[in-house]
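Trainee: Here you go, model_35.pdb (PDB, C-alpha atoms):
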MODEL        1
ATOM      1  CA  MET A   1     -93.974 -35.333 -53.649
ATOM      2  CA  LEU A   2     -96.418 -37.681 -55.367
ATOM      3  CA  MET A   3     -95.858 -40.288 -52.668
ATOM      4  CA  ARG A   4     -96.719 -37.732 -49.961
ATOM      5  CA  ALA A   5     -99.939 -36.896 -51.773
ATOM      6  CA  VAL A   6    -100.849 -40.576 -52.068
ATOM      7  CA  LYS A   7    -100.073 -41.090 -48.384
ATOM      8  CA  LYS A   8    -102.231 -38.086 -47.421
ATOM      9  CA  ILE A   9    -105.138 -39.410 -49.498
ATOM     10  CA  GLU A  10    -104.808 -42.777 -47.791
ATOM     11  CA  GLU A  11    -104.832 -41.084 -44.386
ATOM     12  CA  LEU A  12    -107.921 -39.088 -45.254
ATOM     13  CA  THR A  13    -109.816 -42.072 -46.612
ATOM     14  CA  ASP A  14    -109.015 -43.998 -43.440
ATOM     15  CA  ASP A  15    -110.601 -41.232 -41.367
ATOM     16  CA  PRO A  16    -114.319 -42.114 -40.889
ATOM     17  CA  ASP A  17    -115.268 -38.466 -40.402
ATOM     18  CA  MET A  18    -113.610 -37.515 -43.673
ATOM     19  CA  VAL A  19    -115.275 -40.400 -45.522
ATOM     20  CA  GLN A  20    -118.646 -39.314 -44.153
ATOM     21  CA  TYR A  21    -117.937 -35.712 -45.178
ATOM     22  CA  ILE A  22    -117.034 -36.812 -48.710
ATOM     23  CA  ASP A  23    -120.192 -38.937 -48.923
ATOM     24  CA  VAL A  24    -122.319 -35.991 -47.749
ATOM     25  CA  GLU A  25    -120.708 -33.699 -50.317
ATOM     26  CA  LYS A  26    -121.346 -36.226 -53.089
ATOM     27  CA  GLY A  27    -124.929 -36.623 -51.929
ATOM     28  CA  MET A  28    -125.478 -32.882 -51.893
ATOM     29  CA  GLU A  29    -124.054 -32.548 -55.390
ATOM     30  CA  LEU A  30    -126.324 -35.316 -56.674
ATOM     31  CA  GLY A  31    -129.249 -33.681 -54.902
ATOM     32  CA  ARG A  32    -128.537 -30.339 -56.567
ATOM     33  CA  LYS A  33    -128.385 -32.003 -59.975
ATOM     34  CA  GLU A  34    -131.695 -33.750 -59.300
ATOM     35  CA  ASP A  35    -133.260 -30.473 -58.135
ATOM     36  CA  ILE A  36    -132.120 -28.738 -61.321
ATOM     37  CA  LYS A  37    -133.415 -31.588 -63.463
ATOM     38  CA  GLU A  38    -136.765 -31.585 -61.655
ATOM     39  CA  ALA A  39    -137.109 -27.802 -62.005
ATOM     40  CA  ALA A  40    -136.339 -27.999 -65.724
ATOM     41  CA  GLU A  41    -138.941 -30.737 -66.200
ATOM     42  CA  LYS A  42    -141.572 -28.712 -64.323
ATOM     43  CA  ALA A  43    -140.761 -25.614 -66.379
ATOM     44  CA  ALA A  44    -141.046 -27.584 -69.621
ATOM     45  CA  LYS A  45    -144.409 -29.024 -68.590
ATOM     46  CA  LYS A  46    -145.694 -25.589 -67.593
ATOM     47  CA  ALA A  47    -144.545 -24.098 -70.908
ATOM     48  CA  ALA A  48    -146.255 -26.892 -72.842
ATOM     49  CA  ILE A  49    -149.517 -26.346 -70.959
ATOM     50  CA  GLU A  50    -149.360 -22.585 -71.531
ATOM     51  CA  THR A  51    -148.632 -23.076 -75.234
ATOM     52  CA  GLU A  52    -151.548 -25.489 -75.570
ATOM     53  CA  GLU A  53    -153.864 -23.032 -73.813
ATOM     54  CA  LYS A  54    -152.788 -20.191 -76.120
ATOM     55  CA  THR A  55    -153.339 -22.403 -79.160
ATOM     56  CA  ARG A  56    -156.848 -23.327 -78.016
ATOM     57  CA  ILE A  57    -157.666 -19.654 -77.419
ATOM     58  CA  GLU A  58    -156.409 -18.661 -80.866
ATOM     59  CA  MET A  59    -158.475 -21.446 -82.434
ATOM     60  CA  ALA A  60    -161.545 -20.266 -80.542
ATOM     61  CA  LYS A  61    -161.005 -16.670 -81.722
ATOM     62  CA  LYS A  62    -160.854 -17.814 -85.351
ATOM     63  CA  MET A  63    -163.987 -19.893 -84.900
ATOM     64  CA  LEU A  64    -165.803 -16.906 -83.372
ATOM     65  CA  GLU A  65    -164.763 -14.797 -86.367
ATOM     66  CA  ASP A  66    -166.342 -17.454 -88.582
ATOM     67  CA  LYS A  67    -169.525 -17.201 -86.456
ATOM     68  CA  LEU A  68    -169.424 -20.768 -85.159
ATOM     69  CA  ASP A  69    -171.692 -21.669 -82.252
ATOM     70  CA  ILE A  70    -170.130 -21.159 -78.809
ATOM     71  CA  GLU A  71    -171.147 -24.637 -77.684
ATOM     72  CA  LEU A  72    -169.419 -26.169 -80.693
ATOM     73  CA  ILE A  73    -166.308 -24.071 -80.080
ATOM     74  CA  SER A  74    -166.310 -25.179 -76.461
ATOM     75  CA  LYS A  75    -166.591 -28.811 -77.477
ATOM     76  CA  ILE A  76    -163.751 -28.545 -80.012
ATOM     77  CA  THR A  77    -161.343 -26.430 -77.948
ATOM     78  CA  ASP A  78    -162.266 -27.740 -74.501
ATOM     79  CA  LEU A  79    -162.589 -24.145 -73.311
ATOM     80  CA  SER A  80    -165.528 -23.203 -71.128
ATOM     81  CA  LYS A  81    -168.371 -21.145 -72.574
ATOM     82  CA  GLU A  82    -167.421 -18.356 -70.188
ATOM     83  CA  GLN A  83    -163.832 -18.328 -71.454
ATOM     84  CA  ILE A  84    -165.061 -18.158 -75.037
ATOM     85  CA  GLU A  85    -167.548 -15.377 -74.305
ATOM     86  CA  LYS A  86    -164.712 -13.282 -72.836
ATOM     87  CA  LEU A  87    -162.827 -13.510 -76.107
TER      88      LEU A  87
ENDMDL
END
Take the structure in the file and give it back as structure tokens.

Mentor:
Amino acid sequence: MLMRAVKKIEELTDDPDMVQYIDVEKGMELGRKEDIKEAAEKAAKKAAIETEEKTRIEMAKKMLEDKLDIELISKITDLSKEQIEKL
């Protein structure tokens, strides 16, 4: 039984169409893994940017509570004056 399986594998790997099919399948699998990796990296970057933005807004709110000048807050937090005024 094992010999028949080995023989069948040899037959399939001698078939150019089958080899091409196997290569395409491997390529698609690698592509899916790369797509998943790329999506995860983009999501992580987006989350980091959003977290940074929230942190800067919270800092600006605390500075406003302490009556700091809007221009100074803008300079420190890198938020626009308009963004700060909306807080």

Trainee: Mind pulling up the distance from CA of Ile84 (chain A) to CA of Glu58 (chain A)?

Mentor: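 It comes out at 10.4 Å.
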
Trainee: Could you check which of A:Glu85, A:Glu41, A:Asp78, A:Asp35 is closest to Lys61 (chain A), using only C-alpha atoms?

Mentor: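 Smallest separation from Lys61 (chain A) among the options: A:Glu85.
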
Trainee: Grab the CA of Ala47 (chain A) to CA of Leu64 (chain A) distance for me, in Å with one decimal place.

Mentor: 25.7 Å

Trainee: Might you spell out which residues the PyMOL selection byres ((chain A and resi 81) around 12) would select in the displayed file, as a PDB file with C-alpha atoms, in the coordinates of the input?

Mentor:
ATOM      1  CA  ILE A  57    -157.666 -19.654 -77.419  1.00  0.00           C
ATOM      2  CA  ALA A  60    -161.545 -20.266 -80.542  1.00  0.00           C
ATOM      3  CA  LEU A  64    -165.803 -16.906 -83.372  1.00  0.00           C
ATOM      4  CA  ASP A  69    -171.692 -21.669 -82.252  1.00  0.00           C
ATOM      5  CA  ILE A  70    -170.130 -21.159 -78.809  1.00  0.00           C
ATOM      6  CA  GLU A  71    -171.147 -24.637 -77.684  1.00  0.00           C
ATOM      7  CA  LEU A  72    -169.419 -26.169 -80.693  1.00  0.00           C
ATOM      8  CA  ILE A  73    -166.308 -24.071 -80.080  1.00  0.00           C
ATOM      9  CA  SER A  74    -166.310 -25.179 -76.461  1.00  0.00           C
ATOM     10  CA  LYS A  75    -166.591 -28.811 -77.477  1.00  0.00           C
ATOM     11  CA  ILE A  76    -163.751 -28.545 -80.012  1.00  0.00           C
ATOM     12  CA  THR A  77    -161.343 -26.430 -77.948  1.00  0.00           C
ATOM     13  CA  ASP A  78    -162.266 -27.740 -74.501  1.00  0.00           C
ATOM     14  CA  LEU A  79    -162.589 -24.145 -73.311  1.00  0.00           C
ATOM     15  CA  SER A  80    -165.528 -23.203 -71.128  1.00  0.00           C
ATOM     16  CA  GLU A  82    -167.421 -18.356 -70.188  1.00  0.00           C
ATOM     17  CA  GLN A  83    -163.832 -18.328 -71.454  1.00  0.00           C
ATOM     18  CA  ILE A  84    -165.061 -18.158 -75.037  1.00  0.00           C
ATOM     19  CA  GLU A  85    -167.548 -15.377 -74.305  1.00  0.00           C
ATOM     20  CA  LYS A  86    -164.712 -13.282 -72.836  1.00  0.00           C
ATOM     21  CA  LEU A  87    -162.827 -13.510 -76.107  1.00  0.00           C
TER      22      LEU A  87
END

Trainee: One decimal, Å: what's the distance from CA of Glu34 (chain A) over to CA of Glu52 (chain A), could you say?

Mentor: 27.0 Å
